[in-house]
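Accompanying notes for the structure given below.
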Amino acid sequence: MGYEACLVIDSDDDATNKKVEEVKKLGIPVHQWPGGADVELALLRLLDKGELVDLLVAVVEEGVVTENAMRKDLEETGTFLDGDPLLHESWDRYEGEEMRKAIHRACTREKDGRDKGWFKTVRYGAFLGDWLSNALDCTMGEADKRLAPCFGDICEFAYGLGNHGDE
């Protein structure tokens, strides 16, 4: 049909990672999230601690999960806070990456053997994209630097910026 395609995948699964070279040998460009991450962790790594709490507030306000469900998801994945998860001070004892991983475990956990992640529907995935776009003010150069580890190669592929290995 003449369409150019690429594969965008997580990098947190060894079985999947082993197949990447095979796919590349077929001439298919592969873009993986950096640092052994899935999309949720890669996106959480773009945010500082204050922005992470802002995201949690927005998640509850949007109705992605209730505050009680959020607390339960955090606790059932090993994160016990001294207070309300929507308050900055409740996260004081967590360093940035530790906080990101705690939120990641909560927002991607399986329930009853099924993936019930917070952002696993089109509606809530779109919400996350919109929220990130606004939070990072994607019209500014600094946001471009922050987004580049996750989206730089993908944007280059999609919009024809740069080279895709076709030299």
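Chain labels follow the order of the structure tokens: the first chain is A, the next B, and so on; residue numbering restarts at 1 in every chain, and ligands are counted from 1 in their shown order.
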Counting only C-alpha atoms, which residues in region 14-122 of chain A sit no more than 8 Å from region 3-7 of chain A? For each one, give the nearest pair of atoms and the distance in Å, sorted by chain then residue number, as CSV.
```
residue,atom,partner,partner_atom,distance
A:Ile28,CA,A:Cys6,CA,5.7
A:Pro29,CA,A:Cys6,CA,4.9
A:Val30,CA,A:Leu7,CA,4.8
A:His31,CA,A:Leu7,CA,6.1
```
So which bits of chain A end up strand (DSSP E or B) when you DSSP the backbone, as a tab-separated table (two decimals) with N, CA, C and O atoms, in the first residue's frame?
```
chain	number	residue	atom	x	y	z
A	7	LEU	N	7.44	0.61	14.59
A	7	LEU	CA	6.97	-0.07	15.79
A	7	LEU	C	7.39	0.75	17.00
A	7	LEU	O	8.57	1.09	17.14
A	8	VAL	N	6.43	1.10	17.82
A	8	VAL	CA	6.70	1.83	19.07
A	8	VAL	C	6.34	0.87	20.20
A	8	VAL	O	5.19	0.46	20.32
A	9	ILE	N	7.34	0.50	21.00
A	9	ILE	CA	7.11	-0.50	22.03
A	9	ILE	C	7.81	-0.15	23.33
A	9	ILE	O	8.74	0.64	23.36
A	30	VAL	N	12.24	0.71	14.73
A	30	VAL	CA	11.73	0.40	16.07
A	30	VAL	C	12.09	1.54	17.01
A	30	VAL	O	13.25	1.97	17.06
A	31	HIS	N	11.09	2.01	17.74
A	31	HIS	CA	11.31	3.05	18.74
A	31	HIS	C	10.86	2.49	20.08
A	31	HIS	O	9.71	2.08	20.23
A	32	GLN	N	11.80	2.45	21.03
A	32	GLN	CA	11.48	1.95	22.36
A	32	GLN	C	11.67	3.07	23.37
A	32	GLN	O	12.55	3.92	23.22
A	110	GLU	N	-2.32	-4.84	37.61
A	110	GLU	CA	-3.39	-5.72	37.15
A	110	GLU	C	-4.34	-5.97	38.31
A	110	GLU	O	-3.92	-6.07	39.46
A	111	LYS	N	-5.60	-6.08	37.99
A	111	LYS	CA	-6.62	-6.40	38.98
A	111	LYS	C	-7.39	-7.60	38.46
A	111	LYS	O	-7.84	-7.60	37.32
A	114	ARG	N	-6.45	-9.01	35.07
A	114	ARG	CA	-6.65	-8.20	33.86
A	114	ARG	C	-5.96	-6.86	34.03
A	114	ARG	O	-5.90	-6.31	35.12
A	115	ASP	N	-5.47	-6.34	32.93
A	115	ASP	CA	-4.83	-5.03	32.94
A	115	ASP	C	-5.90	-3.97	33.12
A	115	ASP	O	-6.76	-3.81	32.26
```
Q. What's the 12 Å shell around Glu76 (chain A), counting only C-alpha atoms, without same-chain residues fewer than 4 positions away, as a count of residues only?
A. 15
Q: Show which residues sit within 12 Å of region 116-128 of chain A, as a ChimeraX atom specification. Count only C-alpha atoms, and ignore same-chain residues fewer than 6 positions away.
A: /A:39-41,43-44,55-56,58-66,69-70,73,103-110,134-136
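Contact shell of Asp14 (chain A) at 12 Å (only C-alpha atoms; same-chain neighbours under 6 positions omitted): Val20, Gly36 and Ala37 of chain A.
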